[in-house]
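Here's the structure we're looking at; comments come further down.
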Amino acid sequence: MMKKRKRVLFLFLAPAVLLFLLVFVYPIIRTVLMSFFRIDAVTDRMPAWQFTGLANYIKLANTSIFRASMMNLLKIWLFGGIIVMSLVLLFAVILTSGIRFKKFFGAVIYMPNIVSAVALATMWLQYVYSPQFGLFKKLFKALQLNGLANIQWLSSEPIR
């Protein structure tokens with residue numbers, strides 16, 4: 001029984017793992033490998049690559065724009081991290097202490113999660129399902145599927 005479960009688990013996971021490897025891991029490995037070579041075009045086959053070792057990294061490190069970018073990134077991580085961690089600790093103290101309006105502060109802290117969901121829903125309602133200029137209307141009109149284009153997606157009436 002256990003072997004059968006493992007086999008079924010493998011059958012269900014194999015396509016997802018294979019797709020993950022193909023779409024995410026392979027490009028990362030290929031990019032890292034390509035960084036050690038001189039390549040004229042990204043689509044060149046491996047025999048056309050010329051090995052340079054760390055020369056590409058040394059050349060990159062010697063550019064002023066790279067150094068400025070790294071310094072800006074370090075500042076963002078350092079100051080942004082300090083500010084974010086300070087705020088997080090402050091909110092944690094507020095929520096765990098016996099302060100008045102504790103529920104209000106909890107709601108305020110959680111508000112960005114709610115706002116993003118509302119904004120996303122509004123976007124879908126106005127730009128995808130809209131009967132005047134929505135994505136569905138334009139797509140079905142372009143495909144000359146006028147029956148689908150004329151459906152009122154936001155109507156409470158059943159679709160006939």
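Each chain in the structure tokens gets a letter, A, B and so on, in the order shown; residues start at 1 in every chain, and ligands are counted from 1 in the order they appear.
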(Q) Give me, as a PyMOL selection string, the residues of chain A that a backbone DSSP run labels strand (DSSP E). (A) chain A and resi 37-38+50-51
Would you save the residues from that selection as an mmCIF file, in the first residue's frame, using N, CA and C atoms?
data_model
loop_
_atom_site.group_PDB
_atom_site.id
_atom_site.type_symbol
_atom_site.label_atom_id
_atom_site.label_comp_id
_atom_site.auth_asym_id
_atom_site.auth_seq_id
_atom_site.Cartn_x
_atom_site.Cartn_y
_atom_site.Cartn_z
ATOM 1 N N PHE A 37 32.181 32.874 -19.770
ATOM 2 C CA PHE A 37 32.567 32.800 -21.177
ATOM 3 C C PHE A 37 32.299 34.130 -21.866
ATOM 4 N N ARG A 38 32.985 34.333 -23.008
ATOM 5 C CA ARG A 38 32.673 35.455 -23.894
ATOM 6 C C ARG A 38 31.738 34.896 -24.950
ATOM 7 N N GLN A 50 33.759 31.389 -25.776
ATOM 8 C CA GLN A 50 35.196 31.498 -25.498
ATOM 9 C C GLN A 50 35.387 31.687 -23.994
ATOM 10 N N PHE A 51 36.094 30.756 -23.376
ATOM 11 C CA PHE A 51 36.267 30.793 -21.924
ATOM 12 C C PHE A 51 37.099 32.004 -21.521
#
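Summary of the local environment: counting only C-alpha atoms, residues at most 12 Å from Phe140 in chain A, other than itself and those fewer than 3 positions away along its chain, are A:Val128, A:Tyr129, A:Pro131, A:Phe133, A:Gly134, A:Leu135, A:Phe136, A:Lys137, A:Leu143, A:Gln144, A:Leu145, A:Asn146, A:Gly147, A:Leu148, A:Ala149, A:Asn150, A:Ile151.
Neighbouring residues of Ala48 in chain A at 12 Å or closer, counting only C-alpha atoms and skipping chain neighbours under 6 positions away, are A:Met34, A:Phe37, A:Arg38, A:Ile39, A:Asp40, A:Ala41, A:Val42.
Of the residues listed (A:Leu22, A:Leu154, A:Ala55, A:Leu74), A:Leu154 shows the shortest atom-to-atom separation from Tyr127 in chain A; distances use only C-alpha atoms.
Interatomic distance, CA of Val84 in chain A to CA of Ile65 in chain A: 27.1 Å.
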Q: Apply DSSP to the structure's backbone, then extract all residues of range 52-132 of chain A labelled helix (DSSP H, G or I) and return them as a PyMOL selection string.
A: chain A and resi 55-61+64-96+102-127
Those residues you just picked out, can you put them in a file as an mmCIF file, in the first residue's frame with C-alpha atoms?
data_model
loop_
_atom_site.group_PDB
_atom_site.id
_atom_site.type_symbol
_atom_site.label_atom_id
_atom_site.label_comp_id
_atom_site.auth_asym_id
_atom_site.auth_seq_id
_atom_site.Cartn_x
_atom_site.Cartn_y
_atom_site.Cartn_z
ATOM 1 C CA ALA A 55 37.468 38.268 -16.499
ATOM 2 C CA ASN A 56 33.791 39.205 -16.922
ATOM 3 C CA TYR A 57 33.408 39.619 -13.163
ATOM 4 C CA ILE A 58 36.606 41.661 -12.870
ATOM 5 C CA LYS A 59 35.521 43.895 -15.753
ATOM 6 C CA LEU A 60 32.113 44.374 -14.121
ATOM 7 C CA ALA A 61 33.611 45.145 -10.698
ATOM 8 C CA SER A 64 31.733 52.862 -11.643
ATOM 9 C CA ILE A 65 28.047 52.196 -12.251
ATOM 10 C CA PHE A 66 28.345 48.695 -10.757
ATOM 11 C CA ARG A 67 30.101 50.008 -7.668
ATOM 12 C CA ALA A 68 27.472 52.749 -7.264
ATOM 13 C CA SER A 69 24.700 50.174 -7.679
ATOM 14 C CA MET A 70 26.212 47.899 -5.055
ATOM 15 C CA MET A 71 26.614 50.821 -2.648
ATOM 16 C CA ASN A 72 22.982 51.853 -3.176
ATOM 17 C CA LEU A 73 21.852 48.271 -2.640
ATOM 18 C CA LEU A 74 23.863 48.062 0.571
ATOM 19 C CA LYS A 75 22.301 51.318 1.811
ATOM 20 C CA ILE A 76 18.807 50.067 1.004
ATOM 21 C CA TRP A 77 19.437 46.797 2.836
ATOM 22 C CA LEU A 78 21.082 48.468 5.799
ATOM 23 C CA PHE A 79 18.806 51.456 6.370
ATOM 24 C CA GLY A 80 15.670 49.814 5.020
ATOM 25 C CA GLY A 81 16.317 46.756 7.151
ATOM 26 C CA ILE A 82 16.912 48.823 10.266
ATOM 27 C CA ILE A 83 13.766 50.881 9.692
ATOM 28 C CA VAL A 84 11.599 47.855 8.894
ATOM 29 C CA MET A 85 12.904 45.839 11.847
ATOM 30 C CA SER A 86 12.411 48.801 14.199
ATOM 31 C CA LEU A 87 8.817 49.230 13.044
ATOM 32 C CA VAL A 88 8.151 45.508 13.314
ATOM 33 C CA LEU A 89 9.505 45.413 16.860
ATOM 34 C CA LEU A 90 7.501 48.513 17.782
ATOM 35 C CA PHE A 91 4.289 46.966 16.451
ATOM 36 C CA ALA A 92 5.044 43.683 18.206
ATOM 37 C CA VAL A 93 5.479 45.513 21.517
ATOM 38 C CA ILE A 94 2.257 47.456 20.933
ATOM 39 C CA LEU A 95 0.266 44.330 20.138
ATOM 40 C CA THR A 96 1.626 42.273 23.038
ATOM 41 C CA LYS A 102 -4.854 47.388 20.897
ATOM 42 C CA LYS A 103 -7.459 46.072 18.444
ATOM 43 C CA PHE A 104 -7.352 49.346 16.519
ATOM 44 C CA PHE A 105 -3.575 49.114 16.110
ATOM 45 C CA GLY A 106 -3.910 45.491 15.019
ATOM 46 C CA ALA A 107 -6.420 46.531 12.353
ATOM 47 C CA VAL A 108 -4.180 49.380 11.176
ATOM 48 C CA ILE A 109 -1.214 47.042 10.881
ATOM 49 C CA TYR A 110 -3.284 44.529 8.894
ATOM 50 C CA MET A 111 -4.840 47.208 6.643
ATOM 51 C CA PRO A 112 -2.294 46.943 3.753
ATOM 52 C CA ASN A 113 -3.276 43.303 3.254
ATOM 53 C CA ILE A 114 -6.923 44.270 2.916
ATOM 54 C CA VAL A 115 -6.260 47.284 0.692
ATOM 55 C CA SER A 116 -4.260 45.264 -1.836
ATOM 56 C CA ALA A 117 -7.041 42.666 -2.112
ATOM 57 C CA VAL A 118 -9.644 45.394 -2.624
ATOM 58 C CA ALA A 119 -7.469 47.104 -5.238
ATOM 59 C CA LEU A 120 -6.994 43.819 -7.070
ATOM 60 C CA ALA A 121 -10.712 43.069 -7.042
ATOM 61 C CA THR A 122 -11.499 46.583 -8.274
ATOM 62 C CA MET A 123 -9.000 46.227 -11.090
ATOM 63 C CA TRP A 124 -10.561 42.952 -12.221
ATOM 64 C CA LEU A 125 -14.072 44.393 -12.047
ATOM 65 C CA GLN A 126 -13.215 47.564 -13.956
ATOM 66 C CA TYR A 127 -10.643 46.357 -16.473
#
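We find CA of Lys141 in chain A and CA of Trp153 in chain A to be spaced 14.6 Å apart.
Counting from CA of Ser155 in chain A, the distance to CA of Leu139 in chain A is 18.9 Å.
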